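File shown here: start-v5.txt, holding compact mmCIF, N, CA and C atoms.
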# COMPACT_ATOMS: atom_id res chain seq x y z
N MET L 29 18.20 9.64 16.99
CA MET L 29 17.53 8.51 16.39
C MET L 29 18.55 7.69 15.60
N GLY L 30 18.64 6.41 15.87
CA GLY L 30 19.56 5.53 15.16
C GLY L 30 18.92 4.98 13.90
N LEU L 31 19.65 4.09 13.26
CA LEU L 31 19.12 3.44 12.07
C LEU L 31 17.95 2.54 12.43
N PRO L 32 16.95 2.45 11.54
CA PRO L 32 15.86 1.50 11.78
C PRO L 32 16.43 0.09 11.89
N ARG L 33 15.96 -0.66 12.89
CA ARG L 33 16.51 -1.99 13.16
C ARG L 33 15.59 -3.08 12.61
N PHE L 34 16.16 -4.28 12.52
CA PHE L 34 15.42 -5.42 11.99
C PHE L 34 15.29 -6.55 13.02
N ASP L 35 15.62 -6.30 14.28
CA ASP L 35 15.65 -7.40 15.24
C ASP L 35 14.28 -7.87 15.70
N ASP L 36 13.19 -7.21 15.34
CA ASP L 36 11.86 -7.68 15.72
C ASP L 36 11.06 -8.11 14.49
N LEU L 37 11.76 -8.56 13.47
CA LEU L 37 11.11 -8.88 12.20
C LEU L 37 10.07 -9.98 12.30
N ASP L 38 10.22 -10.90 13.25
CA ASP L 38 9.25 -11.98 13.32
C ASP L 38 7.86 -11.45 13.65
N ARG L 39 7.76 -10.22 14.15
CA ARG L 39 6.46 -9.64 14.45
C ARG L 39 5.97 -8.73 13.35
N LEU L 40 6.73 -8.55 12.30
CA LEU L 40 6.39 -7.60 11.25
C LEU L 40 5.84 -8.30 10.01
N ASN L 41 4.93 -7.61 9.33
CA ASN L 41 4.44 -8.13 8.06
C ASN L 41 5.32 -7.61 6.93
N SER L 42 5.06 -8.05 5.70
CA SER L 42 5.94 -7.68 4.60
C SER L 42 5.93 -6.17 4.34
N PHE L 43 4.81 -5.51 4.55
CA PHE L 43 4.75 -4.06 4.37
C PHE L 43 5.71 -3.37 5.35
N ALA L 44 5.70 -3.83 6.60
CA ALA L 44 6.56 -3.23 7.62
C ALA L 44 8.03 -3.49 7.31
N VAL L 45 8.34 -4.67 6.80
CA VAL L 45 9.74 -4.99 6.45
C VAL L 45 10.19 -4.07 5.30
N ARG L 46 9.32 -3.91 4.29
CA ARG L 46 9.67 -3.00 3.19
C ARG L 46 9.86 -1.58 3.68
N ALA L 47 9.03 -1.15 4.62
CA ALA L 47 9.17 0.20 5.17
C ALA L 47 10.51 0.35 5.89
N ARG L 48 10.91 -0.68 6.64
CA ARG L 48 12.21 -0.63 7.32
C ARG L 48 13.35 -0.55 6.31
N LEU L 49 13.25 -1.35 5.23
CA LEU L 49 14.28 -1.31 4.19
C LEU L 49 14.36 0.08 3.56
N ALA L 50 13.21 0.66 3.25
CA ALA L 50 13.18 2.00 2.66
C ALA L 50 13.80 3.02 3.62
N ASP L 51 13.48 2.90 4.91
CA ASP L 51 14.07 3.81 5.91
C ASP L 51 15.58 3.67 5.98
N ARG L 52 16.06 2.41 5.94
CA ARG L 52 17.51 2.18 6.00
C ARG L 52 18.21 2.75 4.78
N VAL L 53 17.62 2.54 3.61
CA VAL L 53 18.21 3.05 2.38
C VAL L 53 18.25 4.58 2.44
N ARG L 54 17.14 5.19 2.87
CA ARG L 54 17.11 6.65 2.98
C ARG L 54 18.20 7.13 3.93
N ALA L 55 18.35 6.47 5.07
CA ALA L 55 19.38 6.85 6.04
C ALA L 55 20.78 6.72 5.44
N GLU L 56 21.00 5.66 4.67
CA GLU L 56 22.31 5.48 4.02
C GLU L 56 22.55 6.57 2.99
N ARG L 57 21.51 6.90 2.23
CA ARG L 57 21.65 7.97 1.22
C ARG L 57 21.98 9.29 1.90
N LEU L 58 21.29 9.57 3.01
CA LEU L 58 21.55 10.83 3.72
C LEU L 58 22.95 10.85 4.33
N LYS L 59 23.45 9.67 4.78
CA LYS L 59 24.83 9.61 5.28
C LYS L 59 25.82 9.97 4.18
N LEU L 60 25.48 9.60 2.95
CA LEU L 60 26.33 9.92 1.81
C LEU L 60 26.17 11.38 1.38
N ASN L 61 25.19 12.06 2.00
CA ASN L 61 24.94 13.47 1.72
C ASN L 61 24.65 13.70 0.24
N THR L 62 23.76 12.88 -0.31
CA THR L 62 23.42 12.99 -1.73
C THR L 62 21.91 13.13 -1.88
N SER L 63 21.50 13.76 -2.94
CA SER L 63 20.08 13.96 -3.21
C SER L 63 19.46 12.68 -3.76
N GLN L 64 18.13 12.65 -3.74
CA GLN L 64 17.43 11.51 -4.33
C GLN L 64 17.76 11.40 -5.81
N ALA L 65 17.82 12.53 -6.49
CA ALA L 65 18.08 12.51 -7.94
C ALA L 65 19.47 11.95 -8.24
N SER L 66 20.47 12.41 -7.50
CA SER L 66 21.83 11.92 -7.72
C SER L 66 21.94 10.44 -7.40
N PHE L 67 21.33 10.03 -6.30
CA PHE L 67 21.41 8.64 -5.89
C PHE L 67 20.69 7.73 -6.89
N ALA L 68 19.52 8.16 -7.35
CA ALA L 68 18.77 7.38 -8.33
C ALA L 68 19.60 7.19 -9.59
N LEU L 69 20.23 8.27 -10.06
CA LEU L 69 21.08 8.19 -11.24
C LEU L 69 22.23 7.22 -11.01
N TRP L 70 22.87 7.30 -9.85
CA TRP L 70 23.98 6.41 -9.50
C TRP L 70 23.54 4.95 -9.52
N CYS L 71 22.32 4.68 -9.03
CA CYS L 71 21.82 3.29 -8.95
C CYS L 71 21.24 2.78 -10.26
N GLY L 72 21.00 3.69 -11.20
CA GLY L 72 20.44 3.27 -12.48
C GLY L 72 18.94 3.08 -12.46
N VAL L 73 18.25 3.84 -11.60
CA VAL L 73 16.79 3.81 -11.58
C VAL L 73 16.29 5.24 -11.79
N SER L 74 15.06 5.34 -12.26
CA SER L 74 14.51 6.68 -12.48
C SER L 74 14.27 7.36 -11.13
N LEU L 75 14.26 8.68 -11.15
CA LEU L 75 14.01 9.44 -9.92
C LEU L 75 12.64 9.10 -9.36
N ARG L 76 11.65 9.01 -10.23
CA ARG L 76 10.29 8.68 -9.78
C ARG L 76 10.26 7.32 -9.08
N THR L 77 10.93 6.33 -9.66
CA THR L 77 10.98 4.99 -9.05
C THR L 77 11.68 5.04 -7.70
N TYR L 78 12.79 5.78 -7.64
CA TYR L 78 13.51 5.86 -6.38
C TYR L 78 12.67 6.54 -5.30
N LYS L 79 11.99 7.61 -5.66
CA LYS L 79 11.11 8.29 -4.69
C LYS L 79 10.03 7.34 -4.20
N ARG L 80 9.47 6.56 -5.12
CA ARG L 80 8.46 5.56 -4.73
C ARG L 80 9.06 4.53 -3.77
N PHE L 81 10.32 4.15 -4.02
CA PHE L 81 10.97 3.19 -3.12
C PHE L 81 11.07 3.78 -1.71
N GLU L 82 11.53 5.02 -1.59
CA GLU L 82 11.67 5.63 -0.27
C GLU L 82 10.32 5.81 0.41
N LEU L 83 9.25 5.93 -0.36
CA LEU L 83 7.91 6.07 0.21
C LEU L 83 7.24 4.72 0.45
N ASN L 84 7.98 3.64 0.22
CA ASN L 84 7.48 2.27 0.39
C ASN L 84 6.31 1.99 -0.55
N GLU L 85 6.39 2.51 -1.75
CA GLU L 85 5.35 2.27 -2.75
C GLU L 85 5.89 1.42 -3.91
N CYS L 86 7.12 0.97 -3.81
CA CYS L 86 7.75 0.18 -4.86
C CYS L 86 8.23 -1.13 -4.24
N ASP L 87 7.69 -2.24 -4.71
CA ASP L 87 8.09 -3.53 -4.15
C ASP L 87 8.86 -4.39 -5.15
N SER L 88 9.56 -3.72 -6.06
CA SER L 88 10.31 -4.43 -7.09
C SER L 88 11.64 -4.94 -6.53
N LEU L 89 11.87 -6.22 -6.66
CA LEU L 89 13.15 -6.80 -6.24
C LEU L 89 14.28 -6.25 -7.11
N GLU L 90 14.01 -6.06 -8.39
CA GLU L 90 15.03 -5.53 -9.29
C GLU L 90 15.49 -4.15 -8.84
N VAL L 91 14.55 -3.29 -8.47
CA VAL L 91 14.89 -1.95 -8.00
C VAL L 91 15.69 -2.04 -6.71
N PHE L 92 15.25 -2.89 -5.80
CA PHE L 92 15.96 -3.06 -4.54
C PHE L 92 17.41 -3.50 -4.79
N LEU L 93 17.60 -4.46 -5.68
CA LEU L 93 18.95 -4.94 -5.96
C LEU L 93 19.81 -3.87 -6.62
N LYS L 94 19.23 -3.04 -7.47
CA LYS L 94 19.99 -1.93 -8.05
C LYS L 94 20.43 -0.95 -6.97
N ILE L 95 19.55 -0.71 -6.01
CA ILE L 95 19.88 0.20 -4.92
C ILE L 95 20.96 -0.40 -4.03
N VAL L 96 20.84 -1.68 -3.73
CA VAL L 96 21.86 -2.36 -2.92
C VAL L 96 23.20 -2.31 -3.64
N ALA L 97 23.19 -2.53 -4.96
CA ALA L 97 24.42 -2.45 -5.74
C ALA L 97 24.97 -1.03 -5.71
N GLY L 98 24.08 -0.04 -5.83
CA GLY L 98 24.51 1.35 -5.79
C GLY L 98 25.17 1.71 -4.47
N LEU L 99 24.72 1.07 -3.39
CA LEU L 99 25.34 1.28 -2.08
C LEU L 99 26.61 0.46 -1.91
N GLY L 100 26.90 -0.41 -2.90
CA GLY L 100 28.09 -1.26 -2.80
C GLY L 100 27.93 -2.35 -1.76
N ARG L 101 26.71 -2.85 -1.60
CA ARG L 101 26.44 -3.82 -0.55
C ARG L 101 25.95 -5.18 -1.06
N LEU L 102 26.15 -5.47 -2.33
CA LEU L 102 25.69 -6.77 -2.85
C LEU L 102 26.32 -7.94 -2.10
N ALA L 103 27.58 -7.80 -1.70
CA ALA L 103 28.23 -8.89 -0.98
C ALA L 103 27.52 -9.17 0.34
N GLY L 104 26.84 -8.18 0.89
CA GLY L 104 26.11 -8.37 2.13
C GLY L 104 24.94 -9.34 2.01
N LEU L 105 24.48 -9.58 0.78
CA LEU L 105 23.39 -10.52 0.58
C LEU L 105 23.81 -11.95 0.93
N GLU L 106 25.11 -12.21 0.89
CA GLU L 106 25.61 -13.54 1.26
C GLU L 106 25.18 -13.89 2.68
N GLY L 107 25.10 -12.88 3.53
CA GLY L 107 24.69 -13.12 4.91
C GLY L 107 23.26 -13.60 5.06
N LEU L 108 22.42 -13.35 4.04
CA LEU L 108 21.04 -13.82 4.10
C LEU L 108 20.95 -15.33 3.97
N PHE L 109 21.85 -15.88 3.16
CA PHE L 109 21.83 -17.32 2.90
C PHE L 109 23.25 -17.86 2.98
N PRO L 110 23.81 -17.90 4.19
CA PRO L 110 25.19 -18.36 4.30
C PRO L 110 25.32 -19.82 3.91
N ALA L 111 26.48 -20.16 3.38
CA ALA L 111 26.73 -21.55 3.01
C ALA L 111 26.72 -22.40 4.28
N GLN L 112 25.98 -23.48 4.27
CA GLN L 112 25.87 -24.38 5.41
C GLN L 112 25.94 -25.82 4.91
N PRO L 113 26.34 -26.72 5.79
CA PRO L 113 26.25 -28.13 5.40
C PRO L 113 24.78 -28.50 5.20
N LEU L 114 24.53 -29.43 4.29
CA LEU L 114 23.15 -29.83 4.05
C LEU L 114 22.49 -30.39 5.29
N ARG L 115 23.24 -31.14 6.08
CA ARG L 115 22.70 -31.70 7.32
C ARG L 115 23.59 -31.21 8.46
N PRO L 116 23.18 -30.14 9.14
CA PRO L 116 24.01 -29.61 10.22
C PRO L 116 24.22 -30.64 11.31
N SER L 117 25.34 -30.56 11.97
CA SER L 117 25.67 -31.49 13.04
C SER L 117 24.69 -31.34 14.20
N PRO L 118 24.34 -32.45 14.85
CA PRO L 118 23.46 -32.36 16.02
C PRO L 118 24.16 -31.57 17.13
N GLN L 119 23.37 -30.84 17.88
CA GLN L 119 23.92 -30.00 18.94
C GLN L 119 23.92 -30.69 20.30
N THR L 120 23.05 -31.67 20.47
CA THR L 120 22.96 -32.35 21.76
C THR L 120 23.02 -33.86 21.55
N VAL L 121 23.20 -34.59 22.63
CA VAL L 121 23.24 -36.05 22.56
C VAL L 121 21.89 -36.58 22.09
N SER L 122 20.80 -36.02 22.61
CA SER L 122 19.48 -36.53 22.20
C SER L 122 19.24 -36.28 20.70
N GLU L 123 19.72 -35.14 20.16
CA GLU L 123 19.60 -34.90 18.73
C GLU L 123 20.40 -35.92 17.94
N ALA L 124 21.59 -36.26 18.42
CA ALA L 124 22.42 -37.26 17.74
C ALA L 124 21.73 -38.62 17.76
N MET L 125 21.16 -38.99 18.91
CA MET L 125 20.46 -40.28 19.02
C MET L 125 19.24 -40.30 18.11
N ASN L 126 18.50 -39.20 18.06
CA ASN L 126 17.33 -39.15 17.19
C ASN L 126 17.73 -39.26 15.73
N ARG L 127 18.84 -38.63 15.35
CA ARG L 127 19.29 -38.72 13.97
C ARG L 127 19.69 -40.16 13.64
N LEU L 128 20.42 -40.81 14.53
CA LEU L 128 20.81 -42.20 14.29
C LEU L 128 19.59 -43.09 14.17
N LYS L 129 18.61 -42.90 15.04
CA LYS L 129 17.39 -43.69 15.00
C LYS L 129 16.67 -43.47 13.67
N PHE L 130 16.56 -42.20 13.25
CA PHE L 130 15.91 -41.87 11.99
C PHE L 130 16.63 -42.52 10.82
N GLU L 131 17.95 -42.42 10.81
CA GLU L 131 18.73 -43.00 9.70
C GLU L 131 18.60 -44.51 9.69
N HIS L 132 18.55 -45.15 10.88
CA HIS L 132 18.40 -46.61 10.96
C HIS L 132 17.03 -47.02 10.42
N VAL L 133 15.98 -46.32 10.86
CA VAL L 133 14.63 -46.65 10.40
C VAL L 133 14.51 -46.45 8.90
N THR L 134 15.07 -45.37 8.40
CA THR L 134 15.04 -45.08 6.96
C THR L 134 15.78 -46.15 6.18
N ALA L 135 16.93 -46.58 6.67
CA ALA L 135 17.70 -47.63 5.99
C ALA L 135 16.91 -48.94 5.98
N GLU L 136 16.27 -49.28 7.10
CA GLU L 136 15.48 -50.51 7.17
C GLU L 136 14.32 -50.47 6.18
N ARG L 137 13.63 -49.35 6.10
CA ARG L 137 12.52 -49.23 5.16
C ARG L 137 13.00 -49.39 3.73
N LEU L 138 14.14 -48.81 3.42
CA LEU L 138 14.70 -48.90 2.08
C LEU L 138 15.06 -50.36 1.76
N LYS L 139 15.64 -51.08 2.73
CA LYS L 139 15.97 -52.50 2.52
C LYS L 139 14.72 -53.30 2.24
N ARG L 140 13.66 -53.08 3.04
CA ARG L 140 12.41 -53.83 2.85
C ARG L 140 11.80 -53.53 1.49
N LYS L 141 11.85 -52.28 1.10
CA LYS L 141 11.28 -51.89 -0.19
C LYS L 141 12.01 -52.57 -1.33
N ARG L 142 13.34 -52.63 -1.23
CA ARG L 142 14.14 -53.26 -2.28
C ARG L 142 13.91 -54.77 -2.31
N ALA L 143 13.67 -55.36 -1.12
CA ALA L 143 13.52 -56.82 -1.04
C ALA L 143 12.12 -57.29 -1.42
N SER L 144 11.13 -56.39 -1.35
CA SER L 144 9.77 -56.82 -1.63
C SER L 144 9.59 -57.09 -3.13
N PRO L 145 8.83 -58.13 -3.44
CA PRO L 145 8.60 -58.45 -4.87
C PRO L 145 7.76 -57.35 -5.52
N ARG L 146 8.10 -57.05 -6.74
CA ARG L 146 7.35 -56.02 -7.46
C ARG L 146 6.10 -56.63 -8.05
N SER L 147 5.05 -55.85 -8.04
CA SER L 147 3.78 -56.34 -8.57
C SER L 147 3.62 -56.06 -10.03
Please go through the file and, once you have read it, give me the structure as structure tokens.
Amino acid sequence: MGLPRFDDLDRLNSFAVRARLADRVRAERLKLNTSQASFALWCGVSLRTYKRFELNECDSLEVFLKIVAGLGRLAGLEGLFPAQPLRPSPQTVSEAMNRLKFEHVTAERLKRKRASPRS
């Protein structure tokens, strides 16, 4: 059995996603060959809270982040929200034409709005 995967997440609800996260954390802890008590202490959470996390009964973002930090994986969160340009480049000619048309129409509306007398 391999690690629980996340490639079908679009079909999963939040409970299922949390369960996958708990399974992955448990698998990582077992790879480190450490007990729940030792790992909880390392992460700075109580043993009871950590056990609840592994049982998918804890939905605290703070606890999750402490566990991620304990695994030394905080830098991996960058992959969730990679830096991107605000307006990504068009991928096709039709996308480029649509963007130009949109920008032209928007500019024209802005000109008309500025030129119209205020009431």
If you take only N, CA and C atoms and a cut-off of 8 Å, which residues of region 53-74 of chain L touch region 87-94 of chain L, and what are their nearest atom pairs and distances in Å to one decimal, in chain and number order, as a tab-separated table?
residue	atom	partner	partner_atom	distance
L:Trp70	C	L:Lys94	C	7.1
L:Cys71	CA	L:Lys94	C	4.9
L:Gly72	N	L:Lys94	C	6.3
L:Val73	N	L:Lys94	CA	7.0
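Considering the residues L:Leu128, L:Leu83, L:Val53, L:Val133 and counting only C-alpha atoms, Gly100 (chain L) has its shortest atom-to-atom contact with L:Val53.
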At what distance in Å, to one decimal, does atom N of Leu75 (chain L) lie from CA of Gly98 (chain L)?
-> 13.7 Å
Point out the residue among L:Val45, L:Leu60, L:Phe67, L:Glu136 with the least atom-to-atom distance to Ile95 (chain L), counting only N, CA and C atoms.
-> L:Phe67
Hey, can you check how far atom N of Ala68 (chain L) sits from atom C of Leu108 (chain L)?
->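 Taking atom N of Ala68 (chain L) and atom C of Leu108 (chain L), their separation equals 26.1 Å.
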Atom N of Ala97 (chain L) and CA of Leu49 (chain L) are how many Å apart?
->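 About the pair atom N of Ala97 (chain L) and CA of Leu49 (chain L): they are 12.8 Å apart.
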Which of these, L:Ala135, L:Ala44, L:Leu105, L:Leu99, has the shortest distance to Glu56 (chain L) once you count only N, CA and C atoms?
->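 When distances to Glu56 (chain L) are compared using only N, CA and C atoms, the smallest one comes from L:Leu99.
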Just list the residues in chain L DSSP gives alpha helix (DSSP H) on the backbone, as a count of residues only.
-> 67
Looking at L:Ala124, L:Asn61, L:Phe81, L:His132, which one is nearest to Arg46 (chain L), with distances taken over only N, CA and C atoms?
->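 Under the stated criterion, the closest residue is L:Phe81.
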